[in-house]
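S.K.: After the structure tokens below, expect a handful of questions from me.
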Amino acid sequence: MIAFFIIVSYIILLFAITIIYKKFNSNNTEFLRKIIHIGIGPLIPIAKILDINEFTALLFAGGISLLILLNYIYKLFPIIEDIDRKSFGTFFYCISLFILIFLFWENDPASLVAGYFIMSFGDGFAGLIGKSIKSRNWFIFNQRKSIIGTTLMFCISLTVLISVGLLNNLELNINYFSIALLATILEQFSVLGIDNLIVPLASSLCFHLLITN
């Protein structure tokens, strides 16, 4: 019960921050989404520290996914998807978490954290900073990408992978570079927010197959 209270309190705090920010700066809706995007990442290690079991974690992730799906239909929390393009990124983000919990919660949490942190921090900060600093850019399926954002995605992904590897006493090798590169390439394909699904899944699976096994 205490663990559940802590998790719910964290999520409420996250949404409270976005609501307060929107009150004073309502124009930057992309930044509001990224606050949630980045802020959800730490929930994984917090839940593991609190010793939440796999069933509870799946139930929670599934419930959030259902709420997000309902939000697309009924606009219960417009702040989540208040952007100027069609995207199911938040839903894919939650579904990828559900799948990764099912695959790795008990048998390989390092792979779960590696893939999800790449999405949370790599994609999150790349999106924020990449749009704030002007640099050469291009379009893939009408989605703007930039040198700054793409470089950040790779560097943060590599940092995440190496950090997870070191914390879990795993051997460092060229595969860390390869996984970071793959995540960066996949992030280029962000039409409808599909990168929020393919990046964490591919990163976690590769980390599991190439690093932890």
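Numbering starts fresh at 1 for the residues of each chain in the structure tokens, the chains themselves are lettered A, B, ... in the order given, and ligands are numbered from 1 as they appear.
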Skip Ile52 in chain A itself and residues of its chain fewer than 5 positions away, then list as a list in words all residues within 9 Å of it, counting only C-alpha atoms.

M.R.: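 The residues that qualify are Ala3, Phe4, Ala47 and Ala57 of chain A.
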
S.K.: Store the residues of this selection in a file with C-alpha atoms, as a short mmCIF file (atom, residue, chain, number, x, y, z; two decimals), in the first residue's frame.

M.R.:
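Result went into out-v1.cif, see below:
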```cif
data_model
loop_
_atom_site.label_atom_id
_atom_site.label_comp_id
_atom_site.auth_asym_id
_atom_site.auth_seq_id
_atom_site.Cartn_x
_atom_site.Cartn_y
_atom_site.Cartn_z
CA ALA A 3 4.60 1.59 -2.43
CA PHE A 4 1.40 2.23 -4.40
CA ALA A 47 9.12 0.67 -8.52
CA ALA A 57 3.52 -3.32 -12.42
#
```

S.K.: Where does DSSP see strand (DSSP E) in chain A, if you list the residues as a PyMOL selection string?

M.R.: chain A and resi 137-140+143-146

S.K.: Restrict the calculation to only C-alpha atoms, then for each residue of range 97-145 of chain A with any atom at most 12 Å from an atom of range 175-184 of chain A give the closest atom pair and their distance in Å to one decimal, rows by chain and rising residue number, as a Markdown table.

M.R.:
```
| residue | atom | partner | partner_atom | distance |
| --- | --- | --- | --- | --- |
| A:Ser111 | CA | A:Ile179 | CA | 11.6 |
| A:Ala114 | CA | A:Ile179 | CA | 10.2 |
| A:Gly115 | CA | A:Ala183 | CA | 8.9 |
| A:Tyr116 | CA | A:Ala183 | CA | 11.1 |
| A:Phe117 | CA | A:Ala183 | CA | 11.4 |
| A:Ile118 | CA | A:Ala183 | CA | 7.8 |
| A:Met119 | CA | A:Ala183 | CA | 8.6 |
| A:Gly122 | CA | A:Thr184 | CA | 8.8 |
| A:Asp123 | CA | A:Thr184 | CA | 8.7 |
| A:Ala126 | CA | A:Thr184 | CA | 10.2 |
| A:Lys145 | CA | A:Thr184 | CA | 11.1 |
```

S.K.: Using only C-alpha atoms, which protein or nucleic acid residues come within 10 Å of Ile44 in chain A? Drop anything in the same chain fewer than 3 positions from it, and give the result as a VMD selection string.

M.R.: chain A and resid 7 40 to 41 47 to 50 52 57 97 101 105 109 112 to 113 116 to 117

S.K.: Restricting it to N, CA and C atoms, dump the selection as a JSON list (two decimals), in the first residue's frame.

M.R.:
```
[["chain", "number", "residue", "atom", "x", "y", "z"],
["A", 7, "ILE", "N", 4.09, 5.73, -5.68],
["A", 7, "ILE", "CA", 4.02, 5.78, -7.15],
["A", 7, "ILE", "C", 2.95, 6.76, -7.60],
["A", 40, "ILE", "N", 8.39, 10.17, -16.53],
["A", 40, "ILE", "CA", 7.90, 8.80, -16.33],
["A", 40, "ILE", "C", 9.05, 7.81, -16.20],
["A", 41, "GLY", "N", 10.16, 8.09, -16.84],
["A", 41, "GLY", "CA", 11.30, 7.17, -16.84],
["A", 41, "GLY", "C", 11.73, 6.67, -15.46],
["A", 47, "ALA", "N", 9.97, 1.85, -8.76],
["A", 47, "ALA", "CA", 9.12, 0.67, -8.52],
["A", 47, "ALA", "C", 9.95, -0.54, -8.12],
["A", 48, "LYS", "N", 11.12, -0.70, -8.73],
["A", 48, "LYS", "CA", 11.99, -1.83, -8.38],
["A", 48, "LYS", "C", 12.53, -1.69, -6.95],
["A", 49, "ILE", "N", 12.91, -0.47, -6.58],
["A", 49, "ILE", "CA", 13.40, -0.22, -5.23],
["A", 49, "ILE", "C", 12.30, -0.51, -4.20],
["A", 50, "LEU", "N", 11.06, -0.16, -4.56],
["A", 50, "LEU", "CA", 9.93, -0.40, -3.66],
["A", 50, "LEU", "C", 9.47, -1.85, -3.68],
["A", 52, "ILE", "N", 7.97, -3.63, -6.00],
["A", 52, "ILE", "CA", 6.66, -3.89, -6.59],
["A", 52, "ILE", "C", 6.77, -5.10, -7.50],
["A", 57, "ALA", "N", 2.94, -4.23, -11.43],
["A", 57, "ALA", "CA", 3.52, -3.32, -12.42],
["A", 57, "ALA", "C", 2.78, -3.42, -13.76],
["A", 97, "LEU", "N", 6.10, 0.15, -22.37],
["A", 97, "LEU", "CA", 6.42, -0.13, -20.97],
["A", 97, "LEU", "C", 5.74, -1.42, -20.52],
["A", 101, "ILE", "N", 7.84, -4.67, -19.27],
["A", 101, "ILE", "CA", 7.61, -5.23, -17.93],
["A", 101, "ILE", "C", 7.33, -6.72, -18.05],
["A", 105, "TRP", "N", 10.77, -7.72, -16.38],
["A", 105, "TRP", "CA", 10.65, -7.23, -15.00],
["A", 105, "TRP", "C", 11.40, -8.10, -14.00],
["A", 109, "PRO", "N", 15.88, -6.94, -15.42],
["A", 109, "PRO", "CA", 15.49, -5.53, -15.24],
["A", 109, "PRO", "C", 16.48, -4.55, -15.85],
["A", 112, "LEU", "N", 15.35, -3.80, -19.29],
["A", 112, "LEU", "CA", 14.15, -2.97, -19.23],
["A", 112, "LEU", "C", 14.54, -1.51, -19.03],
["A", 113, "VAL", "N", 15.38, -1.27, -18.03],
["A", 113, "VAL", "CA", 15.81, 0.10, -17.72],
["A", 113, "VAL", "C", 16.59, 0.70, -18.87],
["A", 116, "TYR", "N", 14.11, 1.63, -21.74],
["A", 116, "TYR", "CA", 13.13, 2.67, -21.39],
["A", 116, "TYR", "C", 13.79, 4.00, -21.08],
["A", 117, "PHE", "N", 14.99, 3.97, -20.49],
["A", 117, "PHE", "CA", 15.70, 5.21, -20.25],
["A", 117, "PHE", "C", 16.17, 5.85, -21.54]]
```

S.K.: Would you work out the distance separating CA of Phe154 in chain A from CA of Leu197 in chain A, expressed in Å to one decimal?

M.R.: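 Atom-to-atom, CA of Phe154 in chain A and CA of Leu197 in chain A are spaced 17.3 Å apart.
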
S.K.: Please extract the residues of chain A with a backbone DSSP assignment of helix (DSSP H, G or I) and present them as a ChimeraX atom specification.

M.R.: /A:2-24,29-40,43-49,54-74,89-104,109-132,147-167,174-187,191-193,195-212

S.K.: One number please: CA of Ser203 in chain A to CA of Ile99 in chain A, in Å, one decimal.

M.R.: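 Computing the Euclidean distance for CA of Ser203 in chain A and CA of Ile99 in chain A yields 12.9 Å.
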
S.K.: What's the 12 Å shell around Phe189 in chain A, counting only C-alpha atoms, without same-chain residues fewer than 4 positions away, as a VMD selection string?

M.R.: chain A and resid 89 123 139 to 145 150 182 to 185 193 to 199

S.K.: Take the residues from that selection and put them in a file with C-alpha atoms, as a PDB file, in the first residue's frame.

M.R.:
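out_9.pdb was written with the following content:
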```
ATOM      1  CA  GLY A  89       3.218   8.632 -29.025  1.00  0.00           C
ATOM      2  CA  ASP A 123      14.361  10.988 -27.067  1.00  0.00           C
ATOM      3  CA  PHE A 139      12.281  15.647 -42.839  1.00  0.00           C
ATOM      4  CA  ILE A 140      11.446  11.933 -42.680  1.00  0.00           C
ATOM      5  CA  PHE A 141       7.750  11.211 -43.334  1.00  0.00           C
ATOM      6  CA  ASN A 142       7.019  14.893 -42.632  1.00  0.00           C
ATOM      7  CA  GLN A 143       8.742  14.709 -39.229  1.00  0.00           C
ATOM      8  CA  ARG A 144      11.489  17.289 -38.667  1.00  0.00           C
ATOM      9  CA  LYS A 145      14.840  15.986 -37.438  1.00  0.00           C
ATOM     10  CA  THR A 150      20.039  13.389 -33.454  1.00  0.00           C
ATOM     11  CA  LEU A 182      20.318   1.569 -33.699  1.00  0.00           C
ATOM     12  CA  ALA A 183      18.171   3.543 -31.234  1.00  0.00           C
ATOM     13  CA  THR A 184      19.210   6.787 -32.925  1.00  0.00           C
ATOM     14  CA  ILE A 185      18.331   5.443 -36.382  1.00  0.00           C
ATOM     15  CA  GLY A 193       4.820   8.647 -32.504  1.00  0.00           C
ATOM     16  CA  ILE A 194       5.785   5.079 -33.475  1.00  0.00           C
ATOM     17  CA  ASP A 195       9.346   5.721 -32.232  1.00  0.00           C
ATOM     18  CA  ASN A 196       7.969   5.545 -28.681  1.00  0.00           C
ATOM     19  CA  LEU A 197       7.278   1.881 -29.347  1.00  0.00           C
ATOM     20  CA  ILE A 198      10.091   0.682 -31.582  1.00  0.00           C
ATOM     21  CA  VAL A 199      12.989   2.476 -29.857  1.00  0.00           C
TER      22      VAL A 199
END
```

S.K.: Quick one: pull the distance between CA of Phe125 in chain A and CA of Tyr72 in chain A, Å, one decimal.

M.R.: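 CA of Tyr72 in chain A lies at a distance of 24.4 Å from CA of Phe125 in chain A.
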
S.K.: If we count only C-alpha atoms, what is near Val164 in chain A at a cut-off of 8 Å, once residues fewer than 3 positions away on the same chain are taken out, given as a ChimeraX atom specification?

M.R.: /A:110,113-114,160-161,167-168
